[in-house]
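Visitor: Dropping a structure here in structure tokens format, bear with me for questions.
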Amino acid sequence: NGKKVSREFSCDQFLLEALREMGCKSVKRGCETSACGLCTVWVDETPVLSCTTLAVRVDGKRVTTLEGLQDEARVIGGYLADEGGEQCGFCSPGLIMNILSMEKAFPQLNPSEAEIRHYLEGNLCRCSGYESHIRAVTNYFVSKRAERDAGKEETK
């Protein structure tokens with residue numbers, strides 16, 4: 001999250017445990033088998049599942065949790081809430097981390113519904129039928145494209 005940290009970890013400690021010990025409570029413990037997406041963090045800006053990543057594997061790498069992306073998370077959280085996708089909120093941190101990484105994966109900010117579904121398929125939610133998540137992500141990208149296009153118009 002933008003801070004240089006030096007710590008020792010046991011060789012069998014998972015990144016999820018290490019991050020939670022360091023106060024990163026957005027990193028949730030769900031399945032512990034890489035199946036639910038609750039524990040998603042970025043390692044060098046790539047989403048990884050921290051419940052099955054050894055902490056020692058991130059030595060010298062940049063780790064980002066939702067705590068380091070609060071402004072961006074608030075925006076996406078608003079879209080999720082508007083579409084009813086923010087029910088209990090337990091899955092939201094991992095989901096939001098993946099939505100934010102989609103901006104890098106789709107620089108044109110125009111993923112299809114199939115691409116959105118594929119990208120988010122590892123995020124389990126017990127409350128919703130995912131349709132609200134798809135609508136929220138679609139609306140988010142529509143807004144991001146409009147923002148980008150408005151910026152292009154201003155520079156002309």
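Chain identifiers are assigned as A, B, and so on, following the order in which chains appear in the structure tokens; residues are numbered from 1 within each chain, and ligands are numbered from 1 in order of appearance.
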Output as JSON lines one row per residue of region 23-120 of chain A within 12 Å of region 4-9 of chain A: the closest atom pair and its distance in Å to one decimal place, counting only C-alpha atoms, sorted by chain and residue number ascending.

Guide:
{"residue": "A:Leu54", "atom": "CA", "partner": "A:Phe9", "partner_atom": "CA", "distance": 9.2}
{"residue": "A:Ala55", "atom": "CA", "partner": "A:Phe9", "partner_atom": "CA", "distance": 6.7}
{"residue": "A:Val56", "atom": "CA", "partner": "A:Phe9", "partner_atom": "CA", "distance": 6.6}
{"residue": "A:Arg57", "atom": "CA", "partner": "A:Phe9", "partner_atom": "CA", "distance": 10.3}
{"residue": "A:Val58", "atom": "CA", "partner": "A:Phe9", "partner_atom": "CA", "distance": 10.8}
{"residue": "A:Asp59", "atom": "CA", "partner": "A:Ser6", "partner_atom": "CA", "distance": 9.1}
{"residue": "A:Gly60", "atom": "CA", "partner": "A:Lys4", "partner_atom": "CA", "distance": 9.4}
{"residue": "A:Lys61", "atom": "CA", "partner": "A:Lys4", "partner_atom": "CA", "distance": 9.8}
{"residue": "A:Arg62", "atom": "CA", "partner": "A:Lys4", "partner_atom": "CA", "distance": 8.6}
{"residue": "A:Val63", "atom": "CA", "partner": "A:Lys4", "partner_atom": "CA", "distance": 9.8}
{"residue": "A:Thr64", "atom": "CA", "partner": "A:Lys4", "partner_atom": "CA", "distance": 11.5}

Visitor: Which polymer residues have any atom within 7 Å of an atom of Cys91 (chain A), counting only C-alpha atoms, with same-chain residues fewer than 4 positions away left out, as an mmCIF file with N, CA, C and O atoms, in the first residue's frame?

Guide:
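As a result, selection-v2.cif now contains:
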data_model
loop_
_atom_site.group_PDB
_atom_site.id
_atom_site.type_symbol
_atom_site.label_atom_id
_atom_site.label_comp_id
_atom_site.auth_asym_id
_atom_site.auth_seq_id
_atom_site.Cartn_x
_atom_site.Cartn_y
_atom_site.Cartn_z
ATOM 1 N N LEU A 38 -12.336 -13.856 -2.126
ATOM 2 C CA LEU A 38 -12.429 -12.899 -1.022
ATOM 3 C C LEU A 38 -11.076 -12.328 -0.621
ATOM 4 O O LEU A 38 -10.992 -11.211 -0.123
ATOM 5 N N LEU A 95 -13.951 -8.463 -4.840
ATOM 6 C CA LEU A 95 -14.632 -8.076 -6.071
ATOM 7 C C LEU A 95 -14.115 -6.731 -6.565
ATOM 8 O O LEU A 95 -13.777 -6.573 -7.742
ATOM 9 N N LEU A 124 -16.958 -15.242 -5.578
ATOM 10 C CA LEU A 124 -18.230 -15.805 -5.133
ATOM 11 C C LEU A 124 -18.977 -14.824 -4.240
ATOM 12 O O LEU A 124 -18.380 -14.147 -3.410
ATOM 13 N N CYS A 125 -20.279 -14.773 -4.429
ATOM 14 C CA CYS A 125 -21.159 -13.941 -3.608
ATOM 15 C C CYS A 125 -22.349 -14.798 -3.212
ATOM 16 O O CYS A 125 -23.025 -15.353 -4.082
#

Visitor: Name the residues in contact with region 97-110 of chain A at a cut-off of 9 Å, using only C-alpha atoms, excluding same-chain residues fewer than 3 positions from it; report them as number ranges by chain.

Guide: A: 37, 40-42, 45-47, 65-66, 69, 72-73, 76, 92-94, 116, 119-120, 123, 137-138, 141-142, 144-145

Visitor: Assign secondary structure with DSSP using the backbone only, and return the residues of region 4-143 of chain A in helix (DSSP H, G or I) as a PyMOL selection string.

Guide: chain A and resi 15-21+55-58+66-82+92-105+113-119+131-143

Visitor: Find, counting only C-alpha atoms, the residue in A:Ile96, A:Leu80, A:Cys88, A:Ala146 that gets nearest to His133 (chain A).

Guide: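 Looking only at the distances to His133 (chain A), the closest residue turns out to be A:Leu80.
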
Visitor: Could you tell me which of A:Cys51, A:Cys36, A:Ala150, A:Val75 comes closest to Leu16 (chain A) if we count only C-alpha atoms?

Guide: A:Cys51

Visitor: Which value, in Å to one decimal, gives the distance between CA of Ser128 (chain A) and CA of Glu83 (chain A)?

Guide: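 These atoms are spaced 10.7 Å apart.
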
Visitor: From the options A:Ser132, A:Ser10, A:Ser50, A:Ser112, which residue's atoms come nearest to Ala35 (chain A), counting only C-alpha atoms?

Guide: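 Of A:Ser132, A:Ser10, A:Ser50, A:Ser112, the one nearest Ala35 (chain A) is A:Ser50, counting only C-alpha atoms.
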
Visitor: What separation in Å, quoted to one decimal, exists between CA of Arg135 (chain A) and CA of Glu115 (chain A)?

Guide: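 CA of Arg135 (chain A) sits 13.1 Å away from CA of Glu115 (chain A).
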
Visitor: Could you check which of A:Gly129, A:Gly122, A:Val48, A:Gln70 is closest to Gln87 (chain A), using only C-alpha atoms?

Guide: A:Gly129

Visitor: List every residue of region 15-128 of chain A that DSSP, applied to the backbone of this structure, places in strand (DSSP E or B), and write the result as a list in words.

Guide: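 Filtering region 15-128 of chain A to strand (DSSP E or B) leaves Thr40, Val41, Trp42, Val43, Thr46, Pro47, Val48, Leu49, Leu54, Val63 and Thr64 of chain A.
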
Visitor: Give me, please, the distance in Å between CA of Ile134 (chain A) and CA of Ala114 (chain A), quoted to one decimal.

Guide: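 One can read the CA of Ile134 (chain A) to CA of Ala114 (chain A) distance as 9.7 Å.
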
Visitor: Pick from A:Gly78, A:Gly84, A:Leu15, A:Cys24: nearest to Leu49 (chain A), with only C-alpha atoms counted?

Guide: A:Leu15

Visitor: Which residue gives the smallest distance to Cys127 (chain A) among A:Lys152, A:Asn139, A:Gly68, A:Gly85, with only C-alpha atoms counted?

Guide: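 That would be A:Gly85, the residue with the smallest distance to Cys127 (chain A).
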